[in-house]
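What follows is the content of run.txt, which has compact mmCIF, C-alpha atoms and all ligand atoms:
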# COMPACT_ATOMS: atom_id res chain seq x y z
CA LYS A 1 0.00 0.00 0.00
CA THR A 2 1.40 3.36 -1.05
CA THR A 3 2.93 5.82 1.38
CA LEU A 4 1.99 8.71 -0.91
CA ASP A 5 -0.88 11.00 -0.05
CA ILE A 6 -2.51 10.98 -3.47
CA GLN A 7 -5.34 13.37 -2.58
CA THR A 8 -2.83 16.01 -1.47
CA ILE A 9 -0.71 15.42 -4.58
CA ARG A 10 -3.80 15.87 -6.76
CA LYS A 11 -4.31 19.36 -5.32
CA ASP A 12 -1.02 20.36 -6.97
CA PHE A 13 -2.61 19.83 -10.41
CA PRO A 14 -5.24 22.49 -11.16
CA ILE A 15 -6.44 20.71 -14.32
CA LEU A 16 -7.49 17.62 -12.36
CA SER A 17 -10.41 19.49 -10.86
CA ARG A 18 -12.01 20.45 -14.18
CA THR A 19 -14.95 18.68 -15.76
CA VAL A 20 -15.24 17.27 -19.27
CA ASN A 21 -18.67 16.83 -20.84
CA GLY A 22 -20.21 17.54 -17.45
CA GLN A 23 -18.22 14.78 -15.71
CA PRO A 24 -15.15 15.05 -13.48
CA LEU A 25 -12.05 14.63 -15.66
CA VAL A 26 -10.41 11.20 -15.44
CA TYR A 27 -7.10 11.76 -17.17
CA LEU A 28 -5.58 8.47 -18.34
CA ASP A 29 -3.51 9.65 -21.29
CA ASN A 30 -0.34 10.25 -19.34
CA ALA A 31 1.88 8.39 -21.82
CA ALA A 32 0.96 11.02 -24.43
CA THR A 33 1.58 13.94 -22.11
CA SER A 34 1.52 14.41 -18.36
CA GLN A 35 -0.23 17.19 -16.45
CA THR A 36 1.58 20.12 -14.89
CA PRO A 37 1.68 20.86 -11.15
CA LYS A 38 1.33 24.41 -9.83
CA GLN A 39 4.95 24.32 -8.63
CA VAL A 40 5.99 24.18 -12.31
CA LEU A 41 3.27 26.59 -13.47
CA ASP A 42 4.55 29.12 -10.89
CA VAL A 43 8.06 28.85 -12.32
CA ILE A 44 6.71 29.59 -15.80
CA VAL A 45 4.80 32.66 -14.58
CA ASP A 46 7.81 33.82 -12.52
CA TYR A 47 10.03 33.61 -15.57
CA TYR A 48 7.81 35.75 -17.79
CA SER A 49 6.83 38.18 -15.06
CA GLY A 50 10.19 38.43 -13.33
CA TYR A 51 13.29 37.88 -15.50
CA ASN A 52 12.35 37.21 -19.11
CA ALA A 53 15.51 37.97 -21.12
CA ASN A 54 17.79 36.36 -23.67
CA ILE A 55 20.57 34.27 -22.20
CA HIS A 56 24.33 33.92 -22.53
CA ARG A 57 24.78 37.28 -24.20
CA GLY A 58 23.49 40.15 -22.14
CA VAL A 59 25.53 42.03 -19.56
CA HIS A 60 22.36 43.28 -17.95
CA THR A 61 20.90 41.83 -14.77
CA LEU A 62 17.83 40.15 -16.26
CA SER A 63 19.93 38.32 -18.82
CA GLN A 64 22.29 37.13 -16.12
CA GLU A 65 19.42 35.95 -13.94
CA ALA A 66 17.87 34.03 -16.83
CA THR A 67 21.25 32.53 -17.77
CA ASP A 68 21.88 31.42 -14.17
CA LYS A 69 18.46 29.75 -13.89
CA TYR A 70 18.85 28.05 -17.26
CA GLU A 71 22.27 26.68 -16.33
CA GLN A 72 20.96 25.63 -12.89
CA ALA A 73 18.26 23.65 -14.70
CA ARG A 74 20.94 21.98 -16.81
CA ALA A 75 22.75 21.00 -13.59
CA THR A 76 19.48 19.64 -12.12
CA ILE A 77 19.00 17.50 -15.23
CA GLN A 78 22.65 16.39 -15.11
CA HIS A 79 22.30 15.24 -11.51
CA HIS A 80 18.95 13.59 -12.10
CA PHE A 81 20.35 11.40 -14.89
CA ASN A 82 23.78 11.19 -13.24
CA ALA A 83 25.72 12.52 -16.23
CA LYS A 84 29.41 13.07 -15.57
CA PHE A 85 29.46 16.64 -16.95
CA ALA A 86 26.84 19.39 -17.30
CA HIS A 87 28.01 19.96 -20.89
CA GLU A 88 26.89 16.43 -21.77
CA ILE A 89 23.29 17.67 -21.34
CA ILE A 90 22.01 19.34 -24.53
CA PHE A 91 18.70 21.16 -24.25
CA THR A 92 16.34 20.11 -27.05
CA ALA A 93 12.73 20.65 -28.04
CA GLY A 94 11.99 17.05 -27.02
CA THR A 95 12.74 13.43 -27.80
CA THR A 96 12.11 13.73 -31.54
CA HIS A 97 14.53 16.65 -31.78
CA GLY A 98 17.21 14.77 -29.81
CA ILE A 99 16.96 11.69 -32.03
CA ASN A 100 17.14 13.77 -35.21
CA LEU A 101 20.15 15.64 -33.88
CA VAL A 102 22.04 12.36 -33.40
CA ALA A 103 20.81 10.83 -36.68
CA ASN A 104 21.91 13.92 -38.56
CA GLY A 105 25.32 13.83 -36.90
CA PHE A 106 25.91 10.24 -37.92
CA SER A 107 25.37 11.09 -41.62
CA SER A 108 29.04 11.93 -41.90
CA LEU A 109 30.22 8.97 -39.80
CA LEU A 110 28.50 6.10 -41.66
CA LYS A 111 29.25 4.52 -45.01
CA LYS A 112 27.48 2.17 -47.41
CA GLY A 113 26.99 -1.29 -45.95
CA ASP A 114 27.22 -0.22 -42.30
CA GLU A 115 24.35 -1.56 -40.22
CA ILE A 116 21.92 0.11 -37.84
CA ILE A 117 19.73 -1.95 -35.51
CA VAL A 118 16.39 -0.74 -34.18
CA SER A 119 13.84 -2.64 -32.11
CA ALA A 120 10.41 -3.79 -33.27
CA LEU A 121 8.92 -1.85 -30.35
CA GLU A 122 9.86 1.61 -31.57
CA HIS A 123 7.85 4.80 -31.79
CA HIS A 124 7.87 6.28 -35.31
CA SER A 125 10.21 8.98 -34.05
CA ASN A 126 12.80 6.26 -33.45
CA ILE A 127 12.28 4.61 -36.84
CA VAL A 128 11.87 7.33 -39.44
CA PRO A 129 15.04 9.36 -38.66
CA TRP A 130 17.13 6.18 -39.03
CA GLN A 131 15.45 5.27 -42.31
CA MET A 132 16.29 8.76 -43.54
CA LEU A 133 19.86 8.27 -42.30
CA CYS A 134 20.07 4.97 -44.22
CA GLU A 135 18.84 6.70 -47.38
CA ARG A 136 21.53 9.36 -47.01
CA THR A 137 24.40 6.99 -46.26
CA GLY A 138 23.57 3.60 -47.80
CA ALA A 139 23.56 2.00 -44.34
CA VAL A 140 21.17 -0.91 -43.77
CA LEU A 141 18.44 -1.05 -41.13
CA LYS A 142 17.93 -4.31 -39.16
CA VAL A 143 15.14 -4.98 -36.69
CA ILE A 144 15.18 -6.82 -33.33
CA PRO A 145 11.99 -8.92 -33.42
CA MET A 146 9.39 -9.06 -30.62
CA ASN A 147 7.24 -11.87 -29.23
CA LEU A 148 3.52 -12.00 -28.45
CA ASN A 149 4.04 -10.75 -24.89
CA GLY A 150 5.50 -7.60 -26.36
CA GLU A 151 9.07 -8.41 -25.35
CA LEU A 152 12.19 -8.17 -27.50
CA GLU A 153 13.85 -11.40 -28.65
CA LEU A 154 17.35 -10.90 -27.27
CA ASP A 155 18.82 -14.03 -28.88
CA ALA A 156 17.79 -12.74 -32.30
CA TYR A 157 19.37 -9.39 -31.39
CA TYR A 158 22.69 -11.02 -30.52
CA GLU A 159 22.67 -12.71 -33.93
CA LEU A 160 22.09 -9.43 -35.73
CA LEU A 161 25.16 -7.87 -34.11
CA SER A 162 28.43 -7.93 -36.05
CA ASN A 163 31.39 -5.72 -36.76
CA LYS A 164 29.20 -4.03 -39.41
CA THR A 165 26.86 -2.75 -36.67
CA LYS A 166 27.58 0.91 -36.01
CA LEU A 167 24.49 2.01 -34.11
CA VAL A 168 21.73 0.45 -32.00
CA PHE A 169 18.49 2.24 -31.10
CA CYS A 170 15.91 1.10 -28.67
CA ASN A 171 13.36 2.65 -26.38
CA HIS A 172 13.75 2.12 -22.65
CA VAL A 173 9.98 1.65 -22.34
CA SER A 174 7.53 1.03 -25.19
CA ASN A 175 4.86 3.73 -25.43
CA ALA A 176 2.33 1.40 -27.05
CA LEU A 177 2.67 -1.56 -24.66
CA GLY A 178 4.58 -0.34 -21.62
CA THR A 179 7.27 -3.04 -21.89
CA VAL A 180 10.46 -2.16 -20.01
CA ASN A 181 13.26 -3.30 -22.29
CA PRO A 182 16.48 -4.92 -21.00
CA ILE A 183 18.55 -1.95 -22.09
CA LYS A 184 21.61 -2.81 -20.00
CA GLU A 185 22.00 -6.10 -21.92
CA ILE A 186 21.29 -4.33 -25.21
CA ILE A 187 23.91 -1.66 -24.51
CA ASN A 188 26.58 -4.12 -23.34
CA ALA A 189 26.16 -6.39 -26.37
CA ALA A 190 26.33 -3.41 -28.76
CA HIS A 191 29.49 -2.14 -27.11
CA ASN A 192 31.08 -5.58 -27.49
CA VAL A 193 30.99 -5.08 -31.26
CA GLY A 194 31.97 -1.39 -31.03
CA ALA A 195 28.52 0.04 -31.86
CA ALA A 196 27.08 3.18 -30.25
CA VAL A 197 23.69 3.05 -28.52
CA LEU A 198 20.90 5.62 -28.31
CA ILE A 199 18.14 4.90 -25.82
CA ASP A 200 14.81 6.69 -26.22
CA GLY A 201 13.82 7.38 -22.63
CA ALA A 202 10.61 9.30 -23.44
CA GLN A 203 8.34 6.74 -21.77
CA ALA A 204 10.76 5.59 -19.09
CA ALA A 205 11.63 9.00 -17.68
CA PRO A 206 8.28 9.58 -15.89
CA HIS A 207 8.60 6.26 -14.04
CA ILE A 208 12.26 5.20 -13.84
CA LYS A 209 15.27 7.29 -12.90
CA ALA A 210 17.90 6.30 -15.46
CA ASP A 211 21.57 6.50 -14.47
CA VAL A 212 23.40 7.12 -17.73
CA GLN A 213 26.83 6.36 -16.27
CA ALA A 214 25.74 3.06 -14.71
CA LEU A 215 24.06 2.14 -18.01
CA GLY A 216 27.15 3.18 -19.97
CA VAL A 217 24.78 4.45 -22.67
CA ASP A 218 26.12 6.74 -25.41
CA PHE A 219 22.95 8.82 -25.92
CA TYR A 220 19.73 9.09 -23.90
CA VAL A 221 16.81 11.32 -24.92
CA VAL A 222 13.67 12.48 -23.09
CA SER A 223 10.81 15.01 -23.37
CA ALA A 224 9.93 17.27 -20.42
CA HIS A 225 6.19 17.17 -21.18
CA LYS A 226 5.94 13.49 -20.24
CA MET A 227 7.32 14.21 -16.78
CA CYS A 228 5.30 17.11 -15.41
CA GLY A 229 7.19 19.72 -17.47
CA PRO A 230 6.18 21.86 -20.45
CA THR A 231 5.99 20.89 -24.13
CA GLY A 232 8.78 21.98 -26.44
CA ALA A 233 11.56 21.12 -23.98
CA GLY A 234 13.69 18.05 -23.50
CA MET A 235 17.24 16.84 -23.26
CA LEU A 236 19.76 14.84 -25.16
CA TYR A 237 22.42 13.27 -23.00
CA GLY A 238 25.51 12.35 -24.98
CA LYS A 239 28.86 11.03 -23.80
CA GLU A 240 31.38 13.83 -24.14
CA GLU A 241 33.52 11.90 -26.65
CA TRP A 242 30.52 11.29 -28.91
CA LEU A 243 29.26 14.86 -28.72
CA ASN A 244 32.74 16.05 -29.67
CA LYS A 245 32.77 13.67 -32.64
CA LEU A 246 29.34 14.61 -34.01
CA PRO A 247 29.07 17.69 -36.25
CA PRO A 248 26.56 20.40 -35.22
CA TYR A 249 22.94 19.90 -36.25
CA GLN A 250 21.92 23.50 -36.89
CA GLY A 251 24.00 26.57 -37.58
CA GLY A 252 23.25 29.95 -36.09
CA GLY A 253 23.91 32.25 -33.19
CA GLU A 254 25.19 30.88 -29.86
CA MET A 255 26.85 27.82 -31.43
CA ILE A 256 29.96 29.47 -32.82
CA ALA A 257 33.38 30.38 -31.49
CA GLU A 258 34.35 32.67 -34.38
CA VAL A 259 32.69 33.54 -37.67
CA THR A 260 34.30 34.98 -40.79
CA PHE A 261 33.07 34.51 -44.33
CA ASP A 262 35.98 32.14 -44.93
CA LYS A 263 35.52 29.85 -41.98
CA THR A 264 33.52 29.39 -38.81
CA THR A 265 34.69 27.56 -35.73
CA TYR A 266 32.18 26.04 -33.36
CA ALA A 267 31.59 26.73 -29.72
CA ASP A 268 32.40 24.15 -27.07
CA LEU A 269 29.81 21.77 -25.67
CA PRO A 270 26.96 22.13 -24.99
CA HIS A 271 26.57 25.34 -27.07
CA LYS A 272 27.74 23.66 -30.29
CA PHE A 273 24.34 21.94 -30.38
CA GLU A 274 22.24 24.82 -29.09
CA ALA A 275 21.95 27.23 -32.02
CA GLY A 276 19.64 30.22 -31.69
CA THR A 277 17.54 31.38 -28.76
CA PRO A 278 16.40 28.24 -26.96
CA ASN A 279 13.18 27.56 -25.06
CA ILE A 280 14.62 29.29 -21.99
CA CYS A 281 11.47 29.16 -19.89
CA GLY A 282 10.88 25.54 -20.96
CA GLY A 283 14.36 24.49 -19.87
CA ILE A 284 13.97 26.18 -16.48
CA ALA A 285 10.51 24.63 -16.03
CA PHE A 286 11.92 21.21 -16.97
CA GLY A 287 14.35 21.55 -14.05
CA ALA A 288 11.45 22.51 -11.77
CA ALA A 289 9.48 19.46 -12.93
CA LEU A 290 12.38 17.17 -11.99
CA ASP A 291 12.62 18.86 -8.59
CA TYR A 292 8.89 18.29 -8.11
CA MET A 293 9.03 14.60 -9.02
CA ASN A 294 12.17 13.98 -6.98
CA ALA A 295 10.54 15.56 -3.93
CA ILE A 296 7.81 12.92 -4.23
CA GLY A 297 10.43 10.27 -4.97
CA PHE A 298 10.81 7.98 -7.96
CA SER A 299 10.70 4.77 -6.04
CA ALA A 300 7.44 5.72 -4.28
CA ILE A 301 6.06 6.78 -7.68
CA ALA A 302 7.06 3.47 -9.30
CA ASP A 303 5.60 1.41 -6.42
CA TYR A 304 2.28 3.23 -6.49
CA GLU A 305 1.99 3.12 -10.27
CA HIS A 306 2.64 -0.61 -10.15
CA GLU A 307 -0.20 -0.94 -7.64
CA LEU A 308 -2.47 0.94 -10.07
CA LEU A 309 -1.29 -1.23 -12.97
CA VAL A 310 -2.02 -4.49 -11.18
CA TYR A 311 -5.42 -3.26 -9.98
CA ALA A 312 -6.43 -1.88 -13.40
CA THR A 313 -5.26 -5.04 -15.20
CA THR A 314 -7.33 -7.28 -12.91
CA GLN A 315 -10.40 -5.07 -13.15
CA LEU A 316 -10.25 -4.59 -16.93
CA LEU A 317 -9.99 -8.34 -17.47
CA THR A 318 -13.48 -8.67 -15.94
CA VAL A 319 -14.84 -6.96 -19.09
CA ASP A 320 -16.34 -9.43 -21.58
CA GLY A 321 -14.00 -10.15 -24.51
CA LEU A 322 -11.30 -7.74 -23.34
CA LYS A 323 -7.77 -8.51 -24.51
CA ILE A 324 -4.64 -6.79 -23.25
CA TYR A 325 -1.67 -6.34 -25.61
CA GLY A 326 1.70 -6.25 -23.91
CA THR A 327 1.94 -8.71 -21.06
CA ALA A 328 5.65 -8.46 -20.33
CA LEU A 329 6.64 -9.10 -16.73
CA GLU A 330 8.49 -5.80 -16.63
CA LYS A 331 6.11 -3.04 -17.65
CA THR A 332 5.14 0.48 -16.66
CA SER A 333 1.59 1.63 -15.92
CA VAL A 334 0.30 1.38 -19.49
CA ILE A 335 -2.54 -0.88 -20.59
CA SER A 336 -3.25 -1.30 -24.29
CA PHE A 337 -6.44 -3.22 -24.99
CA ASN A 338 -9.32 -4.04 -27.30
CA ALA A 339 -12.77 -5.39 -26.50
CA GLY A 340 -13.91 -8.01 -29.00
CA SER A 341 -13.98 -6.58 -32.50
CA ILE A 342 -15.11 -3.11 -31.42
CA HIS A 343 -13.02 -0.37 -33.00
CA PRO A 344 -10.82 1.35 -30.38
CA TYR A 345 -11.94 4.77 -31.62
CA ASP A 346 -15.56 3.98 -30.75
CA ILE A 347 -14.66 3.00 -27.20
CA GLY A 348 -12.51 6.11 -26.85
CA SER A 349 -15.36 8.37 -28.01
CA ILE A 350 -17.81 6.95 -25.49
CA LEU A 351 -15.22 7.21 -22.71
CA ASP A 352 -14.71 10.87 -23.64
CA LYS A 353 -18.44 11.52 -23.19
CA LEU A 354 -17.96 10.15 -19.66
CA GLY A 355 -15.05 12.52 -18.98
CA ILE A 356 -12.40 9.81 -19.38
CA ALA A 357 -9.35 10.66 -21.50
CA VAL A 358 -7.57 7.69 -23.11
CA ARG A 359 -5.58 7.36 -26.31
CA THR A 360 -6.84 5.31 -29.23
CA GLY A 361 -5.11 4.31 -32.45
CA HIS A 362 -1.70 2.99 -33.41
CA HIS A 363 0.19 5.18 -30.90
CA CYS A 364 2.82 6.12 -33.52
CA ALA A 365 3.92 2.49 -33.48
CA GLN A 366 2.32 0.97 -36.57
CA PRO A 367 4.78 -1.93 -36.81
CA ILE A 368 3.57 -3.18 -33.40
CA MET A 369 -0.08 -3.01 -34.51
CA ASP A 370 0.85 -4.85 -37.73
CA PHE A 371 2.55 -7.53 -35.62
CA TYR A 372 -0.71 -8.14 -33.74
CA ALA A 373 -2.74 -7.65 -36.97
CA ILE A 374 -4.96 -4.98 -35.39
CA PRO A 375 -5.68 -1.40 -36.48
CA GLY A 376 -4.93 -0.04 -33.03
CA THR A 377 -5.78 -0.25 -29.35
CA VAL A 378 -7.33 1.73 -26.55
CA ARG A 379 -4.49 2.81 -24.28
CA ALA A 380 -4.99 3.81 -20.66
CA SER A 381 -1.79 5.11 -19.07
CA PHE A 382 -1.58 5.95 -15.39
CA SER A 383 0.42 8.49 -13.46
CA PHE A 384 1.10 8.84 -9.74
CA TYR A 385 -1.79 11.34 -9.43
CA ASN A 386 -4.36 8.79 -10.63
CA THR A 387 -6.49 6.86 -8.16
CA LYS A 388 -8.13 3.45 -7.86
CA GLU A 389 -11.51 5.22 -8.00
CA GLU A 390 -10.51 6.52 -11.43
CA VAL A 391 -9.65 2.96 -12.48
CA ASP A 392 -13.16 1.93 -11.35
CA THR A 393 -14.65 4.76 -13.43
CA LEU A 394 -12.64 3.58 -16.44
CA VAL A 395 -13.74 -0.03 -16.06
CA ALA A 396 -17.40 0.96 -15.63
CA GLY A 397 -17.06 3.18 -18.73
CA VAL A 398 -15.54 0.40 -20.81
CA LYS A 399 -18.32 -1.97 -19.71
CA ARG A 400 -20.90 0.60 -20.73
CA ALA A 401 -19.21 1.20 -24.09
CA VAL A 402 -19.04 -2.54 -24.78
CA ALA A 403 -22.74 -2.97 -23.89
CA MET A 404 -23.67 -0.12 -26.28
CA LEU A 405 -21.42 -1.16 -29.17
CA GLN A 406 -21.65 -4.92 -29.19
N1 LIG B 1 9.52 8.01 -28.24
C1 LIG B 1 8.56 7.50 -27.48
C2 LIG B 1 8.74 6.13 -26.91
C3 LIG B 1 7.40 8.25 -27.21
O1 LIG B 1 6.43 7.75 -26.46
C4 LIG B 1 7.28 9.56 -27.75
C5 LIG B 1 6.05 10.40 -27.50
N2 LIG B 1 4.84 9.73 -27.72
C6 LIG B 1 8.33 10.05 -28.54
C7 LIG B 1 9.43 9.25 -28.75
C8 LIG B 1 8.27 11.40 -29.16
O2 LIG B 1 8.33 12.38 -28.17
P1 LIG B 1 8.04 13.90 -28.53
O3 LIG B 1 6.77 13.90 -29.32
O4 LIG B 1 7.91 14.57 -27.21
O5 LIG B 1 9.22 14.39 -29.32

Taking this structure as input, can you express it in the form of structure tokens?
Amino acid sequence: KTTLDIQTIRKDFPILSRTVNGQPLVYLDNAATSQTPKQVLDVIVDYYSGYNANIHRGVHTLSQEATDKYEQARATIQHHFNAKFAHEIIFTAGTTHGINLVANGFSSLLKKGDEIIVSALEHHSNIVPWQMLCERTGAVLKVIPMNLNGELELDAYYELLSNKTKLVFCNHVSNALGTVNPIKEIINAAHNVGAAVLIDGAQAAPHIKADVQALGVDFYVVSAHKMCGPTGAGMLYGKEEWLNKLPPYQGGGEMIAEVTFDKTTYADLPHKFEAGTPNICGGIAFGAALDYMNAIGFSAIADYEHELLVYATTQLLTVDGLKIYGTALEKTSVISFNAGSIHPYDIGSILDKLGIAVRTGHHCAQPIMDFYAIPGTVRASFSFYNTKEEVDTLVAGVKRAVAMLQ
């Protein structure tokens, strides 16, 4: 039984007290984006009402205050993910941006015939940039297969690895199924053949505190909006040696050392990858979101979410004809399901009328849906501010939808 006081935590989130279609909001689309506590909202208002200024260039007080807060946020992120250096943390617009930054950088490091391995469990944002990279370089994309439980087949992965493998990409947690992947094994095996590894931590970061040094991972990317922060902010962690090797992604102000029309030299890390005016407020609010979650504590969060997952799984399985996709032993609080042959969209629409927000569709992971030969699923994803009463409301709603649609 959780030690967290969920009712008090819920008071931090103004949005949770609104109604939708005349019903109290039951927000179960946390894997798409999480809600924002007032501690983070206050930081956003403070920024724009107190010290809004451009950073790293002004001599004036506001600019210095904004620069200090932005760099403090970078240090907060560094400590949260246990990076060795603050300059290994690159502020991005989110996971997609971080992946594209790395994929672009590898354009000049790969040659025809090199191999890139991705997992069958990827989000489109961790498939498409690598396909584009393969088109640019002539490298070949290989896929780690999955099984019916929604787990990766590690033996098949080990067979794909060879001295041609240059890069391996895998998500830490699958957004469509919630599977927690064995990334330590994946990273170690890739390193044994000299390949670099990028882990997409978008879905793991709200539940699991990743230690990038203990993992030995080369790149780790997350989005702030999945972990109580704002949209349009995120981070790319890269090992210093890799970030020094990769060319810059975008050119512009802030990322240069010296510019003449003959030649430009680039700034040191992290600025080499941070061209232009960044999302200053977003970066600062990202730091505040990590402070908020750490004050609650990641292990208490994970324990409580597991409690919700087990309860919701048991309750949902009492619905006639309900099938859950993704039954891995290690999973986060995500349940992807269908009820009989009812289209997920129809269930989602009825739930919305009842004030319940879930995601329906392919969840930007069409290959997984193809694997199960389904058009999509209904996905309920739980956060630490959800309650068992909300699970009951969901289950009652699904039962009602099934009765109406069958
Ligand atoms: N990877 C995974 C596993 C995700 O769940 C998401 C968001 N659904 C992304 C990448 C993309 O994140 P963003 O849209 O914030 O760039």

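Using all atoms listed in the file for every distance, the candidate list A:Leu109, A:Val217, A:His207, A:Tyr70 yields A:Val217 as the residue closest to A:Lys184.
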
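Atom CA of A:Lys239 to atom CA of A:Gln72 spans 19.9 Å [interatomic distance, one decimal].
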
Query raised in the report: Which residues form the shell of 9 Å around ligand LIG 1 (chain B) when you count only C-alpha atoms and all ligand atoms, given as a ChimeraX atom specification?
Result: /A:31-33,93-99,121-126,170-176,200-204,221-226,231-234,363-365

File dump, residues just selected, C-alpha atoms, as a PDB file, keeping the file's coordinate frame:
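Heads up, here's the output in selection-v3.pdb:
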ATOM      1  CA  ALA A  31       1.880   8.390 -21.820  1.00  0.00           C
ATOM      2  CA  ALA A  32       0.960  11.020 -24.430  1.00  0.00           C
ATOM      3  CA  THR A  33       1.580  13.940 -22.110  1.00  0.00           C
ATOM      4  CA  ALA A  93      12.730  20.650 -28.040  1.00  0.00           C
ATOM      5  CA  GLY A  94      11.990  17.050 -27.020  1.00  0.00           C
ATOM      6  CA  THR A  95      12.740  13.430 -27.800  1.00  0.00           C
ATOM      7  CA  THR A  96      12.110  13.730 -31.540  1.00  0.00           C
ATOM      8  CA  HIS A  97      14.530  16.650 -31.780  1.00  0.00           C
ATOM      9  CA  GLY A  98      17.210  14.770 -29.810  1.00  0.00           C
ATOM     10  CA  ILE A  99      16.960  11.690 -32.030  1.00  0.00           C
ATOM     11  CA  LEU A 121       8.920  -1.850 -30.350  1.00  0.00           C
ATOM     12  CA  GLU A 122       9.860   1.610 -31.570  1.00  0.00           C
ATOM     13  CA  HIS A 123       7.850   4.800 -31.790  1.00  0.00           C
ATOM     14  CA  HIS A 124       7.870   6.280 -35.310  1.00  0.00           C
ATOM     15  CA  SER A 125      10.210   8.980 -34.050  1.00  0.00           C
ATOM     16  CA  ASN A 126      12.800   6.260 -33.450  1.00  0.00           C
ATOM     17  CA  CYS A 170      15.910   1.100 -28.670  1.00  0.00           C
ATOM     18  CA  ASN A 171      13.360   2.650 -26.380  1.00  0.00           C
ATOM     19  CA  HIS A 172      13.750   2.120 -22.650  1.00  0.00           C
ATOM     20  CA  VAL A 173       9.980   1.650 -22.340  1.00  0.00           C
ATOM     21  CA  SER A 174       7.530   1.030 -25.190  1.00  0.00           C
ATOM     22  CA  ASN A 175       4.860   3.730 -25.430  1.00  0.00           C
ATOM     23  CA  ALA A 176       2.330   1.400 -27.050  1.00  0.00           C
ATOM     24  CA  ASP A 200      14.810   6.690 -26.220  1.00  0.00           C
ATOM     25  CA  GLY A 201      13.820   7.380 -22.630  1.00  0.00           C
ATOM     26  CA  ALA A 202      10.610   9.300 -23.440  1.00  0.00           C
ATOM     27  CA  GLN A 203       8.340   6.740 -21.770  1.00  0.00           C
ATOM     28  CA  ALA A 204      10.760   5.590 -19.090  1.00  0.00           C
ATOM     29  CA  VAL A 221      16.810  11.320 -24.920  1.00  0.00           C
ATOM     30  CA  VAL A 222      13.670  12.480 -23.090  1.00  0.00           C
ATOM     31  CA  SER A 223      10.810  15.010 -23.370  1.00  0.00           C
ATOM     32  CA  ALA A 224       9.930  17.270 -20.420  1.00  0.00           C
ATOM     33  CA  HIS A 225       6.190  17.170 -21.180  1.00  0.00           C
ATOM     34  CA  LYS A 226       5.940  13.490 -20.240  1.00  0.00           C
ATOM     35  CA  THR A 231       5.990  20.890 -24.130  1.00  0.00           C
ATOM     36  CA  GLY A 232       8.780  21.980 -26.440  1.00  0.00           C
ATOM     37  CA  ALA A 233      11.560  21.120 -23.980  1.00  0.00           C
ATOM     38  CA  GLY A 234      13.690  18.050 -23.500  1.00  0.00           C
ATOM     39  CA  HIS A 363       0.190   5.180 -30.900  1.00  0.00           C
ATOM     40  CA  CYS A 364       2.820   6.120 -33.520  1.00  0.00           C
ATOM     41  CA  ALA A 365       3.920   2.490 -33.480  1.00  0.00           C
TER      42      ALA A 365
END

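Taking all atoms listed in the file into account, A:Leu309 lies nearest to A:Val391 out of the set A:Ile296, A:Val391, A:Val118, A:Leu290.
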
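Counting all atoms listed in the file and comparing A:Asn279, A:Gln7, A:Thr179, A:Thr36, the residue that lies closest to A:Met293 is A:Thr36.
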
Edge lengths and centre in Å to one decimal, as AutoDock Vina command-line options, is what I'm after for the box along x, y and z that holds all listed atoms of stretch 42-58 of chain A once 3 Å is added on each side.
--center_x 14.7 --center_y 34.5 --center_z -17.5 --size_x 26.2 --size_y 17.3 --size_z 19.3

Query - Nearest to A:Ile356, chosen from A:Ala373, A:Ile9, A:Leu394, A:Leu161, with all atoms listed in the file counted in the distances - result: A:Leu394

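Taking all atoms listed in the file into account, A:Trp130 lies nearest to A:Asn100 out of the set A:Asn100, A:Lys245, A:Val310, A:Glu153.
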
Report task. In the coordinate frame of the file, compute which residues have an atom within 7 Å of (-1.4, 12.9, -12.1) when using all atoms listed in the file, and state them as a ChimeraX atom specification. Result -> /A:10,35,383-386

**Report entry** One-decimal distance in Å that lies between atom CA of A:Leu154 and atom CA of A:Thr137
**Finding:** 27.0 Å

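Among the candidates A:Ala214, A:Ile15, A:Leu28, A:Leu62, the residue lying nearest to A:Arg379 is A:Leu28 (atoms considered: all atoms listed in the file).
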
Requested in this report: Please measure the separation of atom CA of A:Gly105 and atom CA of A:Pro248, giving the value in Å to one decimal.
Outcome: 6.9 Å
